[in-house]
Amino acid sequence: MRKKIVAGNWKMNNDLNQTILLIEKLKKIEINEVSVMIAPSSLFLKTAKDLLHDFKIEVVSQNVHQENKGAYTGEVSCDMLKSIGISTTLIGHSERRAYFNEDDQVLLKKVKYAIDSGMKIIFCFGEQLIDRKSNKHFEIVKSQLENTVLKLDSESWSNIILAYEPVWAIGTGETASPEQAQEMHEFVRNCISNCYGDLISEEVSILYGGSVKPSNANEIFSNKDVDGGLIGGAALVLSDFNEIIKANS
Ligand code: PGA
């Protein structure tokens, strides 16, 4: 049975005090069978990890560099993350692709490096509005996957979570309809199945991301190939995040 997951991507929000405050509130919520993750700023990963020591919430990184060490000012490696107990990282978020020029080549290095380092990854992908309008969304998503995670060997897949995030739905208030989400998730699962077989494709959790909020979470999560969500804005508001977790339970 594949895992249901709700992951909060805090992006570049919350200073130290705000991080501590939100985590203290998160510690009080009830979590049952769904896996809950949060990705605070890399500056506060250790603090978050310590605060959540005895709790069922996993702390994950928003990003990792593709080299293990060296002259890469401002970057963070897998070894660094692992040394503070972080074993999962997002890779390929559309904001990294758009603002930090992370293309498929770089992302392939990142996914290989993270998996070889024994980390789990949440690999993000998704089409732009122009791709959808010109009916190229399946083609684009397929190539984003073929150029990166579909190059990994089958053993790697127990450490991969996917997150379909149509760029036009991120932070815009516009969400993919439940039908649009389901058809893309099914398409992605078929791509995995074609490369690795049903046994693997049925076990991969595929999250949806892009303006998920309490009012639409139920509808989106009720699709058979949607295994949870990667939540941006709504993860910063405790009551909203809590509602979204409940919607996936
Ligand atoms: P959003 O962000 O929920 O604010 O649209 C989602 C994401 O970027 O992961």
# chains A, B, ... in the order shown; residues from 1 in each chain; ligands from 1

call {"tool": "residues_around", "arguments": {"residues": "A:Ser239", "least_positions_apart": "5", "cutoff": "12 Å", "atoms": "only C-alpha atoms", "output": "PyMOL selection string"}}
result
chain A and resi 22+25-26+28-30+213-214+234+244-246

call {"tool": "closest_atom_pairs", "arguments": {"of": "chain A", "to": "ligand 1", "cutoff": "10 Å", "atoms": "only C-alpha atoms and all ligand atoms", "output": "CSV"}}
result
residue,atom,partner,partner_atom_place_in_ligand_line,distance
A:Ala7,CA,ligand 1,9 (O),8.6
A:Gly8,CA,ligand 1,9 (O),7.6
A:Asn9,CA,ligand 1,9 (O),5.7
A:Trp10,CA,ligand 1,9 (O),8.5
A:Lys11,CA,ligand 1,8 (O),7.8
A:Gln62,CA,ligand 1,9 (O),9.8
A:Leu90,CA,ligand 1,9 (O),9.6
A:His93,CA,ligand 1,8 (O),7.0
A:Ser94,CA,ligand 1,8 (O),7.3
A:Glu95,CA,ligand 1,8 (O),7.5
A:Cys124,CA,ligand 1,9 (O),8.3
A:Ala163,CA,ligand 1,9 (O),8.4
A:Tyr164,CA,ligand 1,9 (O),9.2
A:Glu165,CA,ligand 1,9 (O),6.9
A:Pro166,CA,ligand 1,5 (O),9.3
A:Val167,CA,ligand 1,8 (O),8.3
A:Trp168,CA,ligand 1,5 (O),8.9
A:Ala169,CA,ligand 1,5 (O),5.9
A:Ile170,CA,ligand 1,5 (O),3.4
A:Gly171,CA,ligand 1,5 (O),3.6
A:Thr172,CA,ligand 1,5 (O),6.3
A:Gly173,CA,ligand 1,5 (O),6.8
A:Glu174,CA,ligand 1,5 (O),8.1
A:Thr175,CA,ligand 1,5 (O),8.0
A:Leu207,CA,ligand 1,9 (O),9.9
A:Tyr208,CA,ligand 1,9 (O),8.6
A:Gly209,CA,ligand 1,6 (C),5.0
A:Gly210,CA,ligand 1,5 (O),3.7
A:Ser211,CA,ligand 1,5 (O),3.5
A:Val212,CA,ligand 1,3 (O),5.2
A:Lys213,CA,ligand 1,3 (O),7.4
A:Gly229,CA,ligand 1,9 (O),8.4
A:Leu230,CA,ligand 1,9 (O),5.0
A:Ile231,CA,ligand 1,3 (O),4.2
A:Gly232,CA,ligand 1,2 (O),3.4
A:Gly233,CA,ligand 1,4 (O),3.8
A:Ala234,CA,ligand 1,3 (O),6.0
A:Ala235,CA,ligand 1,3 (O),7.5
A:Leu236,CA,ligand 1,4 (O),9.3

call {"tool": "closest_residue", "arguments": {"among": "A:Val34, A:Ile5, A:Ala176, A:Val188", "to": "A:Ile140", "atoms": "only C-alpha atoms"}}
result
A:Val188

call {"tool": "residues_around", "arguments": {"residues": "stretch 98-114 of chain A", "least_positions_apart": "3", "cutoff": "12 Å", "atoms": "only C-alpha atoms", "output": "number ranges by chain"}}
result
A: 61, 63-69, 76-82, 86-95, 117-128, 140-153, 156-157, 159-162, 167

call {"tool": "closest_residue", "arguments": {"among": "A:Ser249, A:Ser158, A:Asn135, A:Asn17", "to": "A:Glu203", "atoms": "only C-alpha atoms"}}
result
A:Ser158

call {"tool": "residues_around", "arguments": {"residues": "A:Val59", "least_positions_apart": "2", "cutoff": "8 Å", "atoms": "only C-alpha atoms", "output": "list of chain:residue names"}}
result
A:Met37, A:Ile38, A:Ala39, A:Pro40, A:Leu45, A:Ala48, A:Lys49, A:Ile57, A:Ser61, A:Ile86, A:Thr88

call {"tool": "select_by_dssp", "arguments": {"residues": "stretch 13-246 of chain A", "states": "strand (DSSP E)", "output": "CSV table (one decimal) with all heavy atoms, in the first residue's frame"}}
result
chain,number,residue,atom,x,y,z
A,35,SER,N,1.3,10.4,6.4
A,35,SER,CA,2.7,10.9,6.8
A,35,SER,C,2.7,12.4,6.6
A,35,SER,O,2.3,12.9,5.5
A,35,SER,CB,3.8,10.3,5.9
A,35,SER,OG,3.8,9.0,6.0
A,36,VAL,N,3.2,13.1,7.6
A,36,VAL,CA,3.2,14.6,7.5
A,36,VAL,C,4.7,15.0,7.5
A,36,VAL,O,5.5,14.5,8.2
A,36,VAL,CB,2.5,15.3,8.7
A,36,VAL,CG1,2.6,16.8,8.7
A,36,VAL,CG2,1.0,14.9,8.7
A,37,MET,N,5.0,16.0,6.6
A,37,MET,CA,6.3,16.5,6.5
A,37,MET,C,6.3,18.0,6.4
A,37,MET,O,5.3,18.6,5.9
A,37,MET,CB,7.0,16.0,5.2
A,37,MET,CG,7.0,14.5,5.0
A,37,MET,SD,7.7,14.1,3.3
A,37,MET,CE,7.8,12.4,3.4
A,38,ILE,N,7.4,18.6,6.9
A,38,ILE,CA,7.5,20.1,6.7
A,38,ILE,C,8.9,20.4,6.2
A,38,ILE,O,9.8,19.7,6.6
A,38,ILE,CB,7.2,20.9,8.0
A,38,ILE,CG1,8.1,20.5,9.2
A,38,ILE,CG2,5.7,20.9,8.4
A,38,ILE,CD1,8.2,21.5,10.3
A,39,ALA,N,9.0,21.4,5.3
A,39,ALA,CA,10.3,21.8,4.8
A,39,ALA,C,10.5,23.3,5.1
A,39,ALA,O,10.1,24.2,4.4
A,39,ALA,CB,10.3,21.6,3.3
A,57,ILE,N,6.2,14.0,12.7
A,57,ILE,CA,6.3,14.9,11.6
A,57,ILE,C,7.7,14.9,11.1
A,57,ILE,O,8.7,15.1,11.9
A,57,ILE,CB,5.9,16.4,12.0
A,57,ILE,CG1,4.4,16.4,12.4
A,57,ILE,CG2,6.1,17.3,10.8
A,57,ILE,CD1,3.9,17.7,12.9
A,58,GLU,N,7.9,14.6,9.8
A,58,GLU,CA,9.3,14.5,9.3
A,58,GLU,C,9.7,15.9,8.8
A,58,GLU,O,9.0,16.6,8.1
A,58,GLU,CB,9.4,13.5,8.1
A,58,GLU,CG,10.8,13.4,7.6
A,58,GLU,CD,11.0,12.4,6.5
A,58,GLU,OE1,10.1,11.6,6.1
A,58,GLU,OE2,12.2,12.4,6.0
A,59,VAL,N,11.0,16.2,9.1
A,59,VAL,CA,11.5,17.5,8.6
A,59,VAL,C,12.3,17.2,7.4
A,59,VAL,O,13.2,16.4,7.4
A,59,VAL,CB,12.4,18.2,9.7
A,59,VAL,CG1,13.0,19.5,9.2
A,59,VAL,CG2,11.6,18.4,11.0
A,88,THR,N,15.4,13.4,3.8
A,88,THR,CA,14.6,13.6,2.6
A,88,THR,C,14.7,15.1,2.1
A,88,THR,O,14.9,16.0,2.9
A,88,THR,CB,13.1,13.4,3.0
A,88,THR,OG1,12.9,12.1,3.5
A,88,THR,CG2,12.2,13.5,1.7
A,89,THR,N,14.8,15.2,0.8
A,89,THR,CA,14.9,16.6,0.2
A,89,THR,C,13.9,16.7,-1.0
A,89,THR,O,13.7,15.8,-1.7
A,89,THR,CB,16.3,16.9,-0.2
A,89,THR,OG1,16.3,18.3,-0.7
A,89,THR,CG2,16.9,16.0,-1.2
A,90,LEU,N,13.4,17.9,-1.1
A,90,LEU,CA,12.7,18.2,-2.4
A,90,LEU,C,13.8,18.4,-3.4
A,90,LEU,O,14.9,18.9,-3.1
A,90,LEU,CB,12.0,19.6,-2.3
A,90,LEU,CG,10.9,19.8,-1.3
A,90,LEU,CD1,10.2,21.2,-1.5
A,90,LEU,CD2,9.8,18.8,-1.4
A,91,ILE,N,13.5,18.1,-4.7
A,91,ILE,CA,14.4,18.4,-5.8
A,91,ILE,C,13.5,18.8,-7.0
A,91,ILE,O,12.4,18.2,-7.2
A,91,ILE,CB,15.2,17.2,-6.2
A,91,ILE,CG1,16.3,16.9,-5.1
A,91,ILE,CG2,16.0,17.4,-7.5
A,91,ILE,CD1,17.2,15.8,-5.4
A,120,LYS,N,16.1,10.2,0.6
A,120,LYS,CA,14.8,10.1,-0.2
A,120,LYS,C,14.6,11.4,-0.9
A,120,LYS,O,15.0,12.4,-0.4
A,120,LYS,CB,13.6,9.9,0.8
A,120,LYS,CG,13.7,8.5,1.5
A,120,LYS,CD,12.2,8.2,1.9
A,120,LYS,CE,12.2,7.0,2.9
A,120,LYS,NZ,12.7,7.4,4.2
A,121,ILE,N,13.9,11.4,-2.0
A,121,ILE,CA,13.6,12.6,-2.7
A,121,ILE,C,12.1,12.8,-2.9
A,121,ILE,O,11.4,11.8,-3.1
A,121,ILE,CB,14.4,12.7,-4.0
A,121,ILE,CG1,14.0,11.7,-5.0
A,121,ILE,CG2,15.9,12.7,-3.8
A,121,ILE,CD1,14.6,11.9,-6.4
A,122,ILE,N,11.7,14.1,-2.9
A,122,ILE,CA,10.4,14.4,-3.4
A,122,ILE,C,10.7,15.2,-4.7
A,122,ILE,O,11.1,16.3,-4.6
A,122,ILE,CB,9.6,15.3,-2.4
A,122,ILE,CG1,9.5,14.6,-1.1
A,122,ILE,CG2,8.2,15.7,-3.0
A,122,ILE,CD1,8.9,15.4,0.0
A,123,PHE,N,10.5,14.5,-5.8
A,123,PHE,CA,10.8,15.1,-7.1
A,123,PHE,C,9.6,15.9,-7.7
A,123,PHE,O,8.6,15.3,-7.9
A,123,PHE,CB,11.4,14.1,-8.1
A,123,PHE,CG,11.8,14.7,-9.4
A,123,PHE,CD1,13.0,15.4,-9.4
A,123,PHE,CD2,11.0,14.6,-10.5
A,123,PHE,CE1,13.5,16.0,-10.6
A,123,PHE,CE2,11.5,15.2,-11.7
A,123,PHE,CZ,12.7,15.9,-11.7
A,124,CYS,N,9.8,17.2,-7.9
A,124,CYS,CA,8.7,18.0,-8.4
A,124,CYS,C,8.8,18.3,-9.9
A,124,CYS,O,9.9,18.4,-10.4
A,124,CYS,CB,8.7,19.4,-7.7
A,124,CYS,SG,8.9,19.3,-5.9
A,125,PHE,N,7.7,18.3,-10.5
A,125,PHE,CA,7.7,18.5,-12.0
A,125,PHE,C,6.3,19.1,-12.3
A,125,PHE,O,5.4,19.0,-11.5
A,125,PHE,CB,7.9,17.2,-12.8
A,125,PHE,CG,6.9,16.2,-12.4
A,125,PHE,CD1,5.8,16.0,-13.1
A,125,PHE,CD2,7.1,15.4,-11.2
A,125,PHE,CE1,4.8,15.0,-12.8
A,125,PHE,CE2,6.2,14.5,-10.9
A,125,PHE,CZ,5.0,14.3,-11.6
A,160,ILE,N,11.8,7.3,-3.8
A,160,ILE,CA,11.3,8.5,-4.6
A,160,ILE,C,9.8,8.7,-4.3
A,160,ILE,O,9.0,7.8,-4.4
A,160,ILE,CB,11.5,8.2,-6.1
A,160,ILE,CG1,13.0,8.0,-6.4
A,160,ILE,CG2,10.9,9.4,-6.9
A,160,ILE,CD1,13.3,7.6,-7.9
A,161,ILE,N,9.5,10.0,-4.1
A,161,ILE,CA,8.1,10.5,-4.0
A,161,ILE,C,8.0,11.5,-5.1
A,161,ILE,O,9.0,12.2,-5.4
A,161,ILE,CB,7.8,11.1,-2.6
A,161,ILE,CG1,8.0,10.2,-1.5
A,161,ILE,CG2,6.5,11.8,-2.6
A,161,ILE,CD1,8.2,10.8,-0.1
A,162,LEU,N,6.9,11.5,-5.9
A,162,LEU,CA,6.8,12.5,-6.9
A,162,LEU,C,5.8,13.5,-6.5
A,162,LEU,O,4.8,13.3,-5.8
A,162,LEU,CB,6.3,11.8,-8.2
A,162,LEU,CG,7.3,10.7,-8.8
A,162,LEU,CD1,6.6,10.1,-10.1
A,162,LEU,CD2,8.6,11.4,-9.2
A,163,ALA,N,5.9,14.7,-7.0
A,163,ALA,CA,5.0,15.8,-6.8
A,163,ALA,C,4.7,16.5,-8.1
A,163,ALA,O,5.6,17.2,-8.7
A,163,ALA,CB,5.5,16.8,-5.8
A,164,TYR,N,3.5,16.3,-8.6
A,164,TYR,CA,3.0,17.0,-9.8
A,164,TYR,C,2.5,18.4,-9.4
A,164,TYR,O,1.6,18.5,-8.7
A,164,TYR,CB,1.9,16.2,-10.5
A,164,TYR,CG,1.2,17.0,-11.6
A,164,TYR,CD1,2.0,17.5,-12.7
A,164,TYR,CD2,-0.1,17.2,-11.6
A,164,TYR,CE1,1.4,18.3,-13.6
A,164,TYR,CE2,-0.8,18.0,-12.6
A,164,TYR,CZ,0.0,18.5,-13.6
A,164,TYR,OH,-0.6,19.3,-14.6
A,206,ILE,N,2.3,9.7,-5.4
A,206,ILE,CA,2.4,10.9,-6.3
A,206,ILE,C,1.5,12.0,-5.7
A,206,ILE,O,0.3,11.8,-5.5
A,206,ILE,CB,1.9,10.6,-7.7
A,206,ILE,CG1,2.6,9.3,-8.3
A,206,ILE,CG2,2.1,11.8,-8.7
A,206,ILE,CD1,2.1,8.9,-9.7
A,207,LEU,N,2.2,13.1,-5.3
A,207,LEU,CA,1.5,14.2,-4.6
A,207,LEU,C,1.1,15.2,-5.6
A,207,LEU,O,1.7,15.3,-6.7
A,207,LEU,CB,2.4,14.8,-3.6
A,207,LEU,CG,3.2,13.9,-2.7
A,207,LEU,CD1,4.0,14.7,-1.6
A,207,LEU,CD2,2.3,12.9,-2.0
A,208,TYR,N,0.0,15.9,-5.3
A,208,TYR,CA,-0.4,17.1,-6.1
A,208,TYR,C,0.0,18.4,-5.4
A,208,TYR,O,-0.2,18.4,-4.2
A,208,TYR,CB,-1.9,17.1,-6.4
A,208,TYR,CG,-2.3,18.4,-7.0
A,208,TYR,CD1,-2.2,18.6,-8.4
A,208,TYR,CD2,-2.8,19.4,-6.2
A,208,TYR,CE1,-2.4,19.8,-9.0
A,208,TYR,CE2,-3.1,20.6,-6.8
A,208,TYR,CZ,-2.9,20.8,-8.1
A,208,TYR,OH,-3.2,22.1,-8.7
A,209,GLY,N,0.5,19.3,-6.1
A,209,GLY,CA,0.8,20.6,-5.5
A,209,GLY,C,0.3,21.8,-6.4
A,209,GLY,O,0.4,21.7,-7.6
A,228,GLY,N,-1.7,12.5,-2.0
A,228,GLY,CA,-1.5,13.5,-1.0
A,228,GLY,C,-1.1,14.8,-1.7
A,228,GLY,O,-1.3,15.0,-2.9
A,229,GLY,N,-0.5,15.7,-0.9
A,229,GLY,CA,-0.2,17.1,-1.5
A,229,GLY,C,1.1,17.7,-1.0
A,229,GLY,O,1.6,17.3,0.1
A,230,LEU,N,1.6,18.5,-1.9
A,230,LEU,CA,2.7,19.4,-1.5
A,230,LEU,C,2.1,20.8,-1.4
A,230,LEU,O,1.6,21.3,-2.3
A,230,LEU,CB,3.8,19.3,-2.5
A,230,LEU,CG,5.1,20.1,-2.3
A,230,LEU,CD1,5.7,19.8,-0.9
A,230,LEU,CD2,6.1,19.9,-3.4
A,231,ILE,N,2.2,21.3,-0.2
A,231,ILE,CA,1.4,22.5,0.2
A,231,ILE,C,2.3,23.7,0.4
A,231,ILE,O,3.2,23.6,1.3
A,231,ILE,CB,0.5,22.2,1.5
A,231,ILE,CG1,-0.1,20.8,1.5
A,231,ILE,CG2,-0.5,23.3,1.6
A,231,ILE,CD1,-1.0,20.5,0.4

call {"tool": "atom_distance", "arguments": {"atom1": "atom CA of A:Thr19", "atom2": "atom CA of A:Val6"}}
result
18.2 Å

call {"tool": "atom_distance", "arguments": {"atom1": "atom CA of A:Ser193", "atom2": "atom CA of A:Glu155"}}
result
14.0 Å

call {"tool": "atom_distance", "arguments": {"atom1": "atom CA of A:Glu183", "atom2": "atom CA of A:Asn218"}}
result
16.8 Å

call {"tool": "closest_residue", "arguments": {"among": "A:Met1, A:Ile23, A:Val226, A:Cys195", "to": "A:Glu179", "atoms": "only C-alpha atoms"}}
result
A:Val226

call {"tool": "select_by_dssp", "arguments": {"residues": "stretch 82-235 of chain A", "states": "alpha helix (DSSP H)", "output": "JSON, numbers by chain"}}
result
{"A": [82, 83, 94, 95, 96, 97, 98, 99, 104, 105, 106, 107, 108, 109, 110, 111, 112, 113, 114, 115, 116, 129, 130, 131, 132, 133, 137, 138, 139, 140, 141, 142, 143, 144, 145, 146, 178, 179, 180, 181, 182, 183, 184, 185, 186, 187, 188, 189, 190, 191, 192, 193, 194, 195, 196, 198, 199, 200, 201, 214, 215, 216, 217, 218, 219, 220, 221]}
